[in-house]
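What's in query_9.cif: mmCIF, C-alpha atoms
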data_structure
#
loop_
_atom_site.group_PDB
_atom_site.id
_atom_site.type_symbol
_atom_site.label_atom_id
_atom_site.label_comp_id
_atom_site.auth_asym_id
_atom_site.auth_seq_id
_atom_site.Cartn_x
_atom_site.Cartn_y
_atom_site.Cartn_z
ATOM 1 C CA MET A 1241 194.231 89.008 94.904
ATOM 2 C CA ASN A 1242 192.452 86.568 92.616
ATOM 3 C CA TYR A 1243 188.981 85.137 93.195
ATOM 4 C CA SER A 1244 188.384 81.836 91.458
ATOM 5 C CA VAL A 1245 186.166 78.780 91.317
ATOM 6 C CA ALA A 1246 187.227 75.169 90.791
ATOM 7 C CA ASN A 1247 184.718 72.483 89.891
ATOM 8 C CA ILE A 1248 185.309 69.455 92.105
ATOM 9 C CA ASN A 1249 183.078 66.470 91.370
ATOM 10 C CA GLY A 1250 180.387 68.759 90.025
ATOM 11 C CA ILE A 1251 180.518 71.197 92.945
ATOM 12 C CA ASN A 1252 181.940 74.700 92.553
ATOM 13 C CA ILE A 1253 184.504 75.552 95.228
ATOM 14 C CA PHE A 1254 185.286 79.236 95.617
ATOM 15 C CA PHE A 1255 188.787 80.231 96.699
ATOM 16 C CA ARG A 1256 190.946 83.310 97.147
ATOM 17 C CA GLU A 1257 194.512 83.222 95.902
ATOM 18 C CA CYS A 1258 197.489 85.556 95.992
ATOM 19 C CA GLY A 1259 201.279 85.471 95.844
ATOM 20 C CA ASP A 1260 203.765 83.827 93.505
ATOM 21 C CA SER A 1261 202.883 80.192 92.758
ATOM 22 C CA SER A 1262 206.597 79.346 92.637
ATOM 23 C CA LYS A 1263 206.837 80.068 96.365
ATOM 24 C CA PRO A 1264 205.706 77.666 99.120
ATOM 25 C CA THR A 1265 201.941 77.398 99.375
ATOM 26 C CA PHE A 1266 200.059 78.428 102.509
ATOM 27 C CA LEU A 1267 196.583 76.869 102.811
ATOM 28 C CA LEU A 1268 194.218 78.919 105.002
ATOM 29 C CA LEU A 1269 191.303 76.957 106.477
ATOM 30 C CA HIS A 1270 188.458 79.019 107.917
ATOM 31 C CA GLY A 1271 186.097 78.266 110.786
ATOM 32 C CA PHE A 1272 182.428 78.417 111.687
ATOM 33 C CA PRO A 1273 180.338 80.322 110.809
ATOM 34 C CA SER A 1274 182.809 82.128 108.582
ATOM 35 C CA SER A 1275 184.395 81.756 105.151
ATOM 36 C CA SER A 1276 187.655 82.670 103.419
ATOM 37 C CA HIS A 1277 186.610 86.299 103.935
ATOM 38 C CA MET A 1278 188.100 86.014 107.441
ATOM 39 C CA PHE A 1279 191.568 86.015 105.811
ATOM 40 C CA ARG A 1280 191.012 89.218 103.820
ATOM 41 C CA ASN A 1281 193.527 91.183 105.924
ATOM 42 C CA LEU A 1282 196.075 88.412 106.454
ATOM 43 C CA MET A 1283 196.576 87.384 102.836
ATOM 44 C CA PRO A 1284 198.166 90.675 101.670
ATOM 45 C CA ILE A 1285 200.692 90.374 104.519
ATOM 46 C CA LEU A 1286 201.688 86.845 103.508
ATOM 47 C CA GLU A 1287 201.666 87.202 99.727
ATOM 48 C CA ASP A 1288 205.260 88.449 99.368
ATOM 49 C CA HIS A 1289 206.511 85.325 101.117
ATOM 50 C CA PHE A 1290 204.061 82.578 100.120
ATOM 51 C CA HIS A 1291 201.604 81.422 97.522
ATOM 52 C CA VAL A 1292 198.364 81.706 99.517
ATOM 53 C CA ILE A 1293 195.107 79.796 98.959
ATOM 54 C CA ALA A 1294 191.963 80.221 101.061
ATOM 55 C CA PRO A 1295 188.922 78.158 100.012
ATOM 56 C CA ASP A 1296 185.313 78.255 101.154
ATOM 57 C CA TYR A 1297 184.174 74.759 102.183
ATOM 58 C CA VAL A 1298 181.191 73.184 100.479
ATOM 59 C CA GLY A 1299 178.118 74.823 102.017
ATOM 60 C CA PHE A 1300 180.022 77.913 103.194
ATOM 61 C CA GLY A 1301 180.640 81.360 101.753
ATOM 62 C CA GLN A 1302 180.595 81.526 97.973
ATOM 63 C CA SER A 1303 180.980 77.800 97.360
ATOM 64 C CA ASP A 1304 178.049 75.675 96.227
ATOM 65 C CA ALA A 1305 175.718 74.500 98.972
ATOM 66 C CA PRO A 1306 173.923 71.347 97.818
ATOM 67 C CA GLY A 1307 171.114 70.064 100.007
ATOM 68 C CA VAL A 1308 171.683 67.485 102.719
ATOM 69 C CA ASP A 1309 169.717 65.026 100.611
ATOM 70 C CA VAL A 1310 172.462 64.992 97.962
ATOM 71 C CA PHE A 1311 175.621 65.901 99.927
ATOM 72 C CA GLU A 1312 176.829 64.421 103.200
ATOM 73 C CA TYR A 1313 177.848 67.282 105.481
ATOM 74 C CA THR A 1314 180.552 65.690 107.597
ATOM 75 C CA PHE A 1315 184.044 66.867 108.435
ATOM 76 C CA GLU A 1316 185.464 63.848 106.649
ATOM 77 C CA HIS A 1317 183.636 64.848 103.476
ATOM 78 C CA LEU A 1318 184.691 68.501 103.730
ATOM 79 C CA ALA A 1319 188.281 67.291 104.109
ATOM 80 C CA ASP A 1320 187.823 65.163 100.979
ATOM 81 C CA TYR A 1321 186.831 68.188 98.929
ATOM 82 C CA THR A 1322 189.560 70.401 100.354
ATOM 83 C CA GLN A 1323 192.136 67.744 99.536
ATOM 84 C CA ALA A 1324 190.681 67.341 96.036
ATOM 85 C CA LEU A 1325 190.956 71.111 95.494
ATOM 86 C CA LEU A 1326 194.663 70.999 96.346
ATOM 87 C CA ARG A 1327 195.156 68.196 93.828
ATOM 88 C CA ALA A 1328 193.217 70.103 91.164
ATOM 89 C CA LEU A 1329 195.434 73.152 91.752
ATOM 90 C CA GLY A 1330 198.598 71.032 91.551
ATOM 91 C CA VAL A 1331 199.694 71.799 95.115
ATOM 92 C CA GLU A 1332 202.181 69.129 96.238
ATOM 93 C CA GLN A 1333 203.328 70.477 99.612
ATOM 94 C CA TYR A 1334 202.029 73.274 101.768
ATOM 95 C CA TYR A 1335 201.862 75.014 105.107
ATOM 96 C CA MET A 1336 198.421 75.208 106.632
ATOM 97 C CA TYR A 1337 196.660 77.686 108.894
ATOM 98 C CA VAL A 1338 193.842 76.044 110.839
ATOM 99 C CA PHE A 1339 191.139 77.885 112.756
ATOM 100 C CA ASP A 1340 188.072 76.450 114.506
ATOM 101 C CA TYR A 1341 186.421 74.035 111.982
ATOM 102 C CA GLY A 1342 189.614 74.271 109.961
ATOM 103 C CA ALA A 1343 191.491 72.269 112.612
ATOM 104 C CA PRO A 1344 189.625 68.944 112.262
ATOM 105 C CA ILE A 1345 189.537 69.401 108.495
ATOM 106 C CA GLY A 1346 193.251 70.214 108.247
ATOM 107 C CA PHE A 1347 194.394 67.532 110.660
ATOM 108 C CA ARG A 1348 192.338 64.913 108.834
ATOM 109 C CA ILE A 1349 194.269 65.813 105.689
ATOM 110 C CA ALA A 1350 197.562 65.760 107.620
ATOM 111 C CA LEU A 1351 196.807 62.221 108.807
ATOM 112 C CA ARG A 1352 196.267 61.144 105.207
ATOM 113 C CA GLU A 1353 199.344 62.801 103.684
ATOM 114 C CA PRO A 1354 201.810 63.874 106.391
ATOM 115 C CA GLU A 1355 204.625 64.109 103.875
ATOM 116 C CA ARG A 1356 202.917 67.082 102.230
ATOM 117 C CA ILE A 1357 202.678 69.243 105.358
ATOM 118 C CA LEU A 1358 205.503 71.800 105.652
ATOM 119 C CA GLY A 1359 204.282 73.385 108.874
ATOM 120 C CA ILE A 1360 201.158 74.398 110.756
ATOM 121 C CA VAL A 1361 199.675 77.529 112.260
ATOM 122 C CA SER A 1362 196.894 76.787 114.739
ATOM 123 C CA GLN A 1363 194.920 79.909 115.580
ATOM 124 C CA ASN A 1364 192.294 78.765 118.055
ATOM 125 C CA GLY A 1365 192.289 75.464 116.207
ATOM 126 C CA ASN A 1366 191.755 72.903 118.932
ATOM 127 C CA ILE A 1367 192.663 69.187 119.050
ATOM 128 C CA TYR A 1368 192.780 68.691 122.835
ATOM 129 C CA GLU A 1369 190.000 67.929 125.337
ATOM 130 C CA GLN A 1370 191.473 70.474 127.754
ATOM 131 C CA GLY A 1371 190.926 73.152 125.138
ATOM 132 C CA LEU A 1372 187.146 72.686 125.036
ATOM 133 C CA GLY A 1373 185.188 75.475 126.714
ATOM 134 C CA GLU A 1374 182.034 75.167 128.802
ATOM 135 C CA LYS A 1375 179.635 75.235 125.845
ATOM 136 C CA TRP A 1376 180.880 71.812 124.766
ATOM 137 C CA THR A 1377 179.236 70.198 127.794
ATOM 138 C CA THR A 1378 175.801 70.621 126.214
ATOM 139 C CA ARG A 1379 177.088 69.471 122.855
ATOM 140 C CA LYS A 1380 178.504 66.291 124.343
ATOM 141 C CA ILE A 1381 175.079 65.540 125.810
ATOM 142 C CA TYR A 1382 173.563 66.104 122.366
ATOM 143 C CA TRP A 1383 176.122 63.824 120.713
ATOM 144 C CA ASP A 1384 175.236 61.033 123.129
ATOM 145 C CA THR A 1385 171.479 61.671 122.924
ATOM 146 C CA PRO A 1386 170.636 63.701 119.790
ATOM 147 C CA THR A 1387 167.080 64.664 120.678
ATOM 148 C CA ALA A 1388 164.948 67.023 118.611
ATOM 149 C CA GLU A 1389 164.797 69.400 121.594
ATOM 150 C CA LEU A 1390 168.587 69.682 121.880
ATOM 151 C CA ARG A 1391 168.921 69.995 118.105
ATOM 152 C CA LEU A 1392 166.554 72.972 118.204
ATOM 153 C CA PHE A 1393 168.405 74.460 121.186
ATOM 154 C CA LEU A 1394 171.778 74.206 119.428
ATOM 155 C CA GLN A 1395 170.439 76.079 116.412
ATOM 156 C CA SER A 1396 171.098 79.149 118.559
ATOM 157 C CA SER A 1397 174.768 78.589 117.604
ATOM 158 C CA TYR A 1398 174.168 80.387 114.336
ATOM 159 C CA ALA A 1399 171.570 82.925 115.444
ATOM 160 C CA PRO A 1400 172.661 86.497 114.568
ATOM 161 C CA GLU A 1401 173.197 87.486 118.201
ATOM 162 C CA THR A 1402 175.382 84.401 118.788
ATOM 163 C CA ILE A 1403 177.490 85.123 115.718
ATOM 164 C CA ILE A 1404 178.030 88.700 116.880
ATOM 165 C CA HIS A 1405 178.948 87.469 120.355
ATOM 166 C CA GLN A 1406 181.545 85.098 118.880
ATOM 167 C CA TYR A 1407 183.291 88.093 117.346
ATOM 168 C CA MET A 1408 182.877 90.520 120.234
ATOM 169 C CA ALA A 1409 183.556 88.328 123.282
ATOM 170 C CA GLY A 1410 187.007 88.878 124.736
ATOM 171 C CA GLU A 1411 187.600 92.070 122.745
ATOM 172 C CA PRO A 1412 187.490 95.680 123.994
ATOM 173 C CA LEU A 1413 184.363 97.553 122.951
ATOM 174 C CA GLY A 1414 184.882 99.235 119.597
ATOM 175 C CA ASN A 1415 187.694 96.936 118.436
ATOM 176 C CA ILE A 1416 185.652 94.740 116.105
ATOM 177 C CA SER A 1417 184.498 95.853 112.672
ATOM 178 C CA PRO A 1418 180.955 94.714 111.827
ATOM 179 C CA ASP A 1419 182.057 93.523 108.375
ATOM 180 C CA GLY A 1420 182.977 89.980 109.343
ATOM 181 C CA TYR A 1421 179.973 89.074 111.437
ATOM 182 C CA SER A 1422 177.564 90.883 109.083
ATOM 183 C CA LEU A 1423 178.743 88.743 106.171
ATOM 184 C CA ASP A 1424 178.495 85.578 108.271
ATOM 185 C CA ILE A 1425 174.917 86.491 109.210
ATOM 186 C CA TYR A 1426 174.124 87.092 105.543
ATOM 187 C CA TYR A 1427 175.393 83.634 104.610
ATOM 188 C CA SER A 1428 173.440 82.086 107.494
ATOM 189 C CA ARG A 1429 170.227 83.194 105.782
ATOM 190 C CA ARG A 1430 170.914 81.012 102.716
ATOM 191 C CA GLU A 1431 168.455 78.263 101.894
ATOM 192 C CA GLY A 1432 169.192 75.024 103.734
ATOM 193 C CA TYR A 1433 171.784 76.581 106.043
ATOM 194 C CA ALA A 1434 170.191 75.188 109.208
ATOM 195 C CA ASP A 1435 170.156 71.636 107.865
ATOM 196 C CA ARG A 1436 173.806 71.843 106.805
ATOM 197 C CA GLN A 1437 175.001 73.244 110.100
ATOM 198 C CA ASP A 1438 172.860 70.888 112.161
ATOM 199 C CA SER A 1439 174.594 67.998 110.404
ATOM 200 C CA LEU A 1440 178.039 69.404 111.181
ATOM 201 C CA ILE A 1441 177.205 70.179 114.825
ATOM 202 C CA LEU A 1442 176.245 66.527 115.309
ATOM 203 C CA ASP A 1443 179.235 65.277 113.330
ATOM 204 C CA TYR A 1444 181.649 67.338 115.437
ATOM 205 C CA ARG A 1445 181.679 64.382 117.840
ATOM 206 C CA THR A 1446 183.853 62.561 115.287
ATOM 207 C CA ASN A 1447 186.461 65.314 115.605
ATOM 208 C CA VAL A 1448 186.744 64.876 119.367
ATOM 209 C CA ALA A 1449 186.946 61.107 118.861
ATOM 210 C CA LEU A 1450 189.904 61.703 116.532
ATOM 211 C CA TYR A 1451 191.791 63.951 118.966
ATOM 212 C CA PRO A 1452 194.089 61.057 120.034
ATOM 213 C CA GLU A 1453 195.005 60.413 116.387
ATOM 214 C CA PHE A 1454 195.603 64.113 115.710
ATOM 215 C CA GLN A 1455 197.829 64.260 118.785
ATOM 216 C CA GLU A 1456 199.718 61.148 117.720
ATOM 217 C CA TYR A 1457 200.367 62.820 114.352
ATOM 218 C CA ILE A 1458 201.895 65.769 116.221
ATOM 219 C CA ARG A 1459 204.034 63.538 118.447
ATOM 220 C CA LYS A 1460 205.214 61.344 115.582
ATOM 221 C CA HIS A 1461 205.963 63.962 112.935
ATOM 222 C CA GLN A 1462 206.932 66.928 115.149
ATOM 223 C CA PRO A 1463 205.864 69.540 112.577
ATOM 224 C CA LYS A 1464 207.033 73.094 112.943
ATOM 225 C CA LEU A 1465 203.917 74.498 114.590
ATOM 226 C CA LEU A 1466 202.887 77.972 115.710
ATOM 227 C CA ALA A 1467 199.945 77.952 118.128
ATOM 228 C CA ILE A 1468 198.876 81.584 118.166
ATOM 229 C CA TRP A 1469 195.708 81.957 120.170
ATOM 230 C CA GLY A 1470 193.141 84.481 121.263
ATOM 231 C CA LYS A 1471 193.418 83.717 124.980
ATOM 232 C CA ASN A 1472 189.953 85.169 125.748
ATOM 233 C CA ASP A 1473 188.205 82.618 123.522
ATOM 234 C CA GLU A 1474 185.169 81.065 125.216
ATOM 235 C CA SER A 1475 184.971 78.143 122.776
ATOM 236 C CA PHE A 1476 188.589 76.989 122.677
ATOM 237 C CA LEU A 1477 190.554 77.714 125.821
ATOM 238 C CA PRO A 1478 194.265 78.646 125.871
ATOM 239 C CA ALA A 1479 195.014 75.254 127.431
ATOM 240 C CA GLY A 1480 194.442 73.875 123.945
ATOM 241 C CA ALA A 1481 197.302 76.009 122.652
ATOM 242 C CA VAL A 1482 199.687 75.116 125.479
ATOM 243 C CA ALA A 1483 199.033 71.402 124.908
ATOM 244 C CA TYR A 1484 200.707 71.565 121.483
ATOM 245 C CA LYS A 1485 203.963 72.511 123.179
ATOM 246 C CA GLU A 1486 203.780 69.416 125.369
ATOM 247 C CA ASP A 1487 203.583 67.114 122.324
ATOM 248 C CA ASP A 1488 205.779 68.935 119.800
ATOM 249 C CA LYS A 1489 209.333 70.115 120.480
ATOM 250 C CA ASN A 1490 209.074 72.285 117.360
ATOM 251 C CA ALA A 1491 206.008 74.156 118.606
ATOM 252 C CA GLU A 1492 205.831 77.737 119.800
ATOM 253 C CA VAL A 1493 202.853 79.136 121.703
ATOM 254 C CA ILE A 1494 201.782 82.788 121.621
ATOM 255 C CA LEU A 1495 198.727 83.893 123.605
ATOM 256 C CA LEU A 1496 197.144 87.098 122.360
ATOM 257 C CA ASP A 1497 194.825 89.442 124.238
ATOM 258 C CA ALA A 1498 191.983 88.659 121.847
ATOM 259 C CA GLY A 1499 188.872 86.530 121.459
ATOM 260 C CA HIS A 1500 187.859 83.657 119.196
ATOM 261 C CA PHE A 1501 188.196 85.647 115.967
ATOM 262 C CA ALA A 1502 191.626 86.965 116.925
ATOM 263 C CA LEU A 1503 192.466 87.600 113.291
ATOM 264 C CA GLU A 1504 189.942 90.456 113.177
ATOM 265 C CA THR A 1505 192.076 92.621 115.464
ATOM 266 C CA GLN A 1506 195.475 90.901 115.487
ATOM 267 C CA TYR A 1507 196.035 90.190 111.778
ATOM 268 C CA LYS A 1508 199.206 92.311 111.584
ATOM 269 C CA ARG A 1509 200.784 90.600 114.600
ATOM 270 C CA ILE A 1510 199.715 87.148 113.410
ATOM 271 C CA GLY A 1511 201.057 87.771 109.918
ATOM 272 C CA GLU A 1512 204.383 89.039 111.250
ATOM 273 C CA GLU A 1513 204.729 86.060 113.594
ATOM 274 C CA ILE A 1514 204.010 83.602 110.769
ATOM 275 C CA ILE A 1515 206.680 85.144 108.549
ATOM 276 C CA ARG A 1516 209.189 85.206 111.404
ATOM 277 C CA PHE A 1517 208.459 81.672 112.591
ATOM 278 C CA PHE A 1518 208.727 80.012 109.193
ATOM 279 C CA SER A 1519 211.787 82.026 108.188
ATOM 280 C CA GLU A 1520 213.876 80.890 111.165
#

Just dump the structure as structure tokens.
Amino acid sequence: MNYSVANINGINIFFRECGDSSKPTFLLLHGFPSSSHMFRNLMPILEDHFHVIAPDYVGFGQSDAPGVDVFEYTFEHLADYTQALLRALGVEQYYMYVFDYGAPIGFRIALREPERILGIVSQNGNIYEQGLGEKWTTRKIYWDTPTAELRLFLQSSYAPETIIHQYMAGEPLGNISPDGYSLDIYYSRREGYADRQDSLILDYRTNVALYPEFQEYIRKHQPKLLAIWGKNDESFLPAGAVAYKEDDKNAEVILLDAGHFALETQYKRIGEEIIRFFSE
């Protein structure tokens, strides 16, 4: 495993990399409130079959986190920097693994350059209204009327107890290592974190607005797609996984007995299914 930094437009982007660069590239896109650390167990499983890259977005993990006064924290902008990283690394075509925030970032890139996408793994990476859990009701109210009171209320999304709950919900007691959520909590204490995440929570409305375009991409290009989903996820419901199958004849859906961060407990199964699916 290599740990590297690429300077993109004056901002240092941290990324993990493993595998032979002559093999097909697999781009791993993390979610909220995590970082590329979430792929620490998956990457060694994939590295004999793929060249694997897992970046931290601007403002996340070990990447630079400029203030909101100098960097626009939107999903469009995070997609810009992820795409620029791929260009800087000379990656022409790639598979991508999208999870949580990684879905709107990855699908934005797919809309821009569909010819570069070799296949997709969506692990609780939602692009369908029917996949949105109950918590999104409050967020939709906030998007329509972004009051200071609702902004303050939604800051609970990255409170330590909420982060822990995201990992633990839907998993048997004792299944989840504290490593992942402890690191996420550590990063959430960085200067300016609240401002960055507040901006992205509000901007998430643009992702939902783009769902029809993401779905049209799926219907038009019919990518080979594995929707492998923690079915006990409270944020993104299994209906969001099943919907891929309705739009893509090359999709396969696997529902796992796991929560939102299914990779924490199901990394061996997920890795094996990825290798099988893209070897067929």

Which of A:Asp1443, A:Tyr1382, A:Leu1423, A:Gln1363 sits closest to Val1493 in chain A [using all atoms listed in the file] =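 Of A:Asp1443, A:Tyr1382, A:Leu1423, A:Gln1363, the one nearest Val1493 in chain A, counting all atoms listed in the file, is A:Gln1363.
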
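Shell of range 1242-1244 of chain A at 8 Å, with all atoms listed in the file counted and residues fewer than 3 places along the chain excluded, is Phe1254, Phe1255, Arg1256, Glu1257 and Cys1258 of chain A.
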
Any idea what's packed within 12 Å of range 1305-1317 of chain A, counting only C-alpha atoms, ignoring anything in its chain fewer than 3 positions away? Could you give it as a ChimeraX atom specification?
-> /A:1249-1254,1271,1296-1302,1320-1324,1341-1349,1351-1352,1427-1428,1430-1448,1450

Residue members of the PyMOL selection byres ((chain A and resi 1374) around 10) in the file shown, as a PyMOL selection string = chain A and resi 1371-1373+1375-1379+1474-1477

Since we have the selection now, will you write its residues out, keeping C-alpha atoms, as a tab-separated table (two decimals), in the coordinates of the input?
chain	number	residue	atom	x	y	z
A	1371	GLY	CA	190.93	73.15	125.14
A	1372	LEU	CA	187.15	72.69	125.04
A	1373	GLY	CA	185.19	75.47	126.71
A	1375	LYS	CA	179.64	75.24	125.84
A	1376	TRP	CA	180.88	71.81	124.77
A	1377	THR	CA	179.24	70.20	127.79
A	1378	THR	CA	175.80	70.62	126.21
A	1379	ARG	CA	177.09	69.47	122.86
A	1474	GLU	CA	185.17	81.06	125.22
A	1475	SER	CA	184.97	78.14	122.78
A	1476	PHE	CA	188.59	76.99	122.68
A	1477	LEU	CA	190.55	77.71	125.82

Nearest-residue call for Tyr1335 in chain A, choices A:Leu1392, A:Ala1350, A:Ala1319, A:Met1278, using only C-alpha atoms | A:Ala1350
